[in-house]
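Take a look at the structure below.
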Amino acid sequence: MKAFILLVSILTILGSSTAVSSRPFPLVVADPASVGECRLVARIPGPYGYRFWGPPPVLGDFKYRSAVKAKEAGATHIFWREAIMGYYGQTRVIGYAFDCTGVAMPKYFKDTDLY
């Protein structure tokens, strides 16, 4: 009986951890140069953290939740920037959402792993 409960709990944990990754990202991730002619829809500040000491910013599902909000506001593209502030290296991830409807986007940028 204990083995059955252990098996069910492991399968539940594995099933819930893969459910989040199956959702498609609602916006196209872009670089700053490609969204130069687009209209800024939102600037989305993220959680704080530290670069050199202390805990780093914990993103969790921040990028997905903020992309969903930006999509509802009319954005089509987003790019992420890490802002470093202060003497101790306090960092914050900031998302910039753009509406690029009708703008010819460059085709050269394909590496979404950078953001």
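In the structure tokens, each chain is lettered A, B, ... as it comes, each chain's residues begin at 1, and ligands are numbered from 1 in order of appearance.
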
Query - Close residues, Phe98 in chain A itself excluded, 10 Å, only C-alpha atoms, min 2 positions apart in chain, as a VMD selection string - result: chain A and resid 27 to 28 30 35 to 43 70 to 71 73 to 79 95 to 96 100 to 101

Query raised in the report: What are the DSSP alpha helix (DSSP H) residues of range 1-96 of chain A, as a PyMOL selection string?
Result: chain A and resi 2-19+62-72

For those residues, write N, CA, C and O atoms to a file as an mmCIF file, in the first residue's frame.
data_model
loop_
_atom_site.group_PDB
_atom_site.id
_atom_site.type_symbol
_atom_site.label_atom_id
_atom_site.label_comp_id
_atom_site.auth_asym_id
_atom_site.auth_seq_id
_atom_site.Cartn_x
_atom_site.Cartn_y
_atom_site.Cartn_z
ATOM 1 N N LYS A 2 1.969 1.221 0.774
ATOM 2 C CA LYS A 2 2.860 2.369 0.817
ATOM 3 C C LYS A 2 3.517 2.600 -0.546
ATOM 4 O O LYS A 2 3.703 3.737 -0.955
ATOM 5 N N ALA A 3 3.851 1.517 -1.222
ATOM 6 C CA ALA A 3 4.459 1.651 -2.545
ATOM 7 C C ALA A 3 3.471 2.253 -3.537
ATOM 8 O O ALA A 3 3.846 3.060 -4.392
ATOM 9 N N PHE A 4 2.211 1.895 -3.426
ATOM 10 C CA PHE A 4 1.187 2.443 -4.314
ATOM 11 C C PHE A 4 1.005 3.939 -4.076
ATOM 12 O O PHE A 4 0.911 4.724 -5.024
ATOM 13 N N ILE A 5 0.960 4.355 -2.818
ATOM 14 C CA ILE A 5 0.809 5.775 -2.491
ATOM 15 C C ILE A 5 2.037 6.554 -2.973
ATOM 16 O O ILE A 5 1.909 7.655 -3.508
ATOM 17 N N LEU A 6 3.215 5.973 -2.812
ATOM 18 C CA LEU A 6 4.430 6.618 -3.295
ATOM 19 C C LEU A 6 4.400 6.770 -4.815
ATOM 20 O O LEU A 6 4.741 7.831 -5.349
ATOM 21 N N LEU A 7 3.973 5.741 -5.514
ATOM 22 C CA LEU A 7 3.889 5.791 -6.970
ATOM 23 C C LEU A 7 2.887 6.844 -7.440
ATOM 24 O O LEU A 7 3.173 7.618 -8.357
ATOM 25 N N VAL A 8 1.739 6.895 -6.801
ATOM 26 C CA VAL A 8 0.716 7.887 -7.179
ATOM 27 C C VAL A 8 1.217 9.304 -6.915
ATOM 28 O O VAL A 8 1.017 10.203 -7.740
ATOM 29 N N SER A 9 1.882 9.532 -5.795
ATOM 30 C CA SER A 9 2.371 10.879 -5.504
ATOM 31 C C SER A 9 3.485 11.295 -6.467
ATOM 32 O O SER A 9 3.542 12.453 -6.884
ATOM 33 N N ILE A 10 4.352 10.382 -6.855
ATOM 34 C CA ILE A 10 5.394 10.705 -7.835
ATOM 35 C C ILE A 10 4.791 11.026 -9.183
ATOM 36 O O ILE A 10 5.179 11.994 -9.843
ATOM 37 N N LEU A 11 3.811 10.249 -9.610
ATOM 38 C CA LEU A 11 3.160 10.528 -10.894
ATOM 39 C C LEU A 11 2.406 11.852 -10.867
ATOM 40 O O LEU A 11 2.370 12.570 -11.862
ATOM 41 N N THR A 12 1.816 12.188 -9.733
ATOM 42 C CA THR A 12 1.121 13.473 -9.606
ATOM 43 C C THR A 12 2.098 14.636 -9.706
ATOM 44 O O THR A 12 1.840 15.630 -10.384
ATOM 45 N N ILE A 13 3.231 14.513 -9.054
ATOM 46 C CA ILE A 13 4.234 15.575 -9.103
ATOM 47 C C ILE A 13 4.782 15.723 -10.521
ATOM 48 O O ILE A 13 4.924 16.835 -11.037
ATOM 49 N N LEU A 14 5.080 14.629 -11.169
ATOM 50 C CA LEU A 14 5.592 14.699 -12.540
ATOM 51 C C LEU A 14 4.552 15.254 -13.500
ATOM 52 O O LEU A 14 4.876 16.027 -14.395
ATOM 53 N N GLY A 15 3.317 14.893 -13.333
ATOM 54 C CA GLY A 15 2.253 15.391 -14.203
ATOM 55 C C GLY A 15 2.020 16.871 -14.040
ATOM 56 O O GLY A 15 1.806 17.594 -15.007
ATOM 57 N N SER A 16 2.080 17.368 -12.814
ATOM 58 C CA SER A 16 1.855 18.800 -12.603
ATOM 59 C C SER A 16 3.048 19.633 -13.032
ATOM 60 O O SER A 16 2.904 20.783 -13.395
ATOM 61 N N SER A 17 4.249 19.080 -12.972
ATOM 62 C CA SER A 17 5.412 19.852 -13.387
ATOM 63 C C SER A 17 5.518 19.988 -14.894
ATOM 64 O O SER A 17 6.080 20.936 -15.396
ATOM 65 N N THR A 18 4.974 19.047 -15.648
ATOM 66 C CA THR A 18 5.018 19.147 -17.105
ATOM 67 C C THR A 18 3.812 19.869 -17.674
ATOM 68 O O THR A 18 3.831 20.265 -18.825
ATOM 69 N N ALA A 19 2.780 20.091 -16.891
ATOM 70 C CA ALA A 19 1.578 20.754 -17.399
ATOM 71 C C ALA A 19 1.848 22.218 -17.716
ATOM 72 O O ALA A 19 1.303 22.757 -18.665
ATOM 73 N N PHE A 62 6.671 34.533 -13.747
ATOM 74 C CA PHE A 62 6.515 35.967 -13.999
ATOM 75 C C PHE A 62 6.483 36.277 -15.484
ATOM 76 O O PHE A 62 5.642 37.052 -15.947
ATOM 77 N N LYS A 63 7.389 35.676 -16.250
ATOM 78 C CA LYS A 63 7.454 35.986 -17.680
ATOM 79 C C LYS A 63 6.171 35.563 -18.392
ATOM 80 O O LYS A 63 5.651 36.290 -19.235
ATOM 81 N N TYR A 64 5.636 34.415 -18.038
ATOM 82 C CA TYR A 64 4.406 33.955 -18.695
ATOM 83 C C TYR A 64 3.217 34.827 -18.291
ATOM 84 O O TYR A 64 2.445 35.245 -19.152
ATOM 85 N N ARG A 65 3.070 35.105 -16.991
ATOM 86 C CA ARG A 65 1.932 35.917 -16.541
ATOM 87 C C ARG A 65 1.979 37.323 -17.131
ATOM 88 O O ARG A 65 0.953 37.860 -17.556
ATOM 89 N N SER A 66 3.168 37.925 -17.178
ATOM 90 C CA SER A 66 3.263 39.274 -17.735
ATOM 91 C C SER A 66 3.050 39.265 -19.246
ATOM 92 O O SER A 66 2.504 40.217 -19.800
ATOM 93 N N ALA A 67 3.447 38.192 -19.929
ATOM 94 C CA ALA A 67 3.190 38.102 -21.369
ATOM 95 C C ALA A 67 1.700 37.953 -21.652
ATOM 96 O O ALA A 67 1.196 38.503 -22.640
ATOM 97 N N VAL A 68 0.987 37.247 -20.803
ATOM 98 C CA VAL A 68 -0.464 37.119 -20.975
ATOM 99 C C VAL A 68 -1.138 38.476 -20.786
ATOM 100 O O VAL A 68 -2.023 38.863 -21.562
ATOM 101 N N LYS A 69 -0.715 39.237 -19.768
ATOM 102 C CA LYS A 69 -1.280 40.577 -19.552
ATOM 103 C C LYS A 69 -0.968 41.500 -20.727
ATOM 104 O O LYS A 69 -1.818 42.288 -21.150
ATOM 105 N N ALA A 70 0.241 41.428 -21.252
ATOM 106 C CA ALA A 70 0.621 42.268 -22.390
ATOM 107 C C ALA A 70 -0.160 41.873 -23.634
ATOM 108 O O ALA A 70 -0.537 42.730 -24.435
ATOM 109 N N LYS A 71 -0.408 40.593 -23.825
ATOM 110 C CA LYS A 71 -1.197 40.126 -24.971
ATOM 111 C C LYS A 71 -2.618 40.672 -24.892
ATOM 112 O O LYS A 71 -3.191 41.084 -25.894
ATOM 113 N N GLU A 72 -3.192 40.674 -23.688
ATOM 114 C CA GLU A 72 -4.531 41.236 -23.504
ATOM 115 C C GLU A 72 -4.561 42.737 -23.768
ATOM 116 O O GLU A 72 -5.590 43.276 -24.173
#

Query raised in the report: Which is closer to Phe25 in chain A than all the others in A:Pro47, A:Arg81, A:Val103, A:Asp61, using only C-alpha atoms?
Result: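 Ranked by minimum distance to Phe25 in chain A, first place goes to A:Asp61.
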
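Here the strand (DSSP E or B) residues in range 18-76 of chain A, by DSSP on the backbone, are Val28, Val29, Arg39, Leu40, Val41, Ala42, Arg43, Ile44, Pro45, Gly46, Pro47, Tyr48, Gly49 and Tyr50 of chain A.
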
Report summary line: Between A:Asp99, A:Trp80, A:Tyr48, A:Gly86, smallest distance to Asp31 in chain A by only C-alpha atoms belongs to A:Trp80
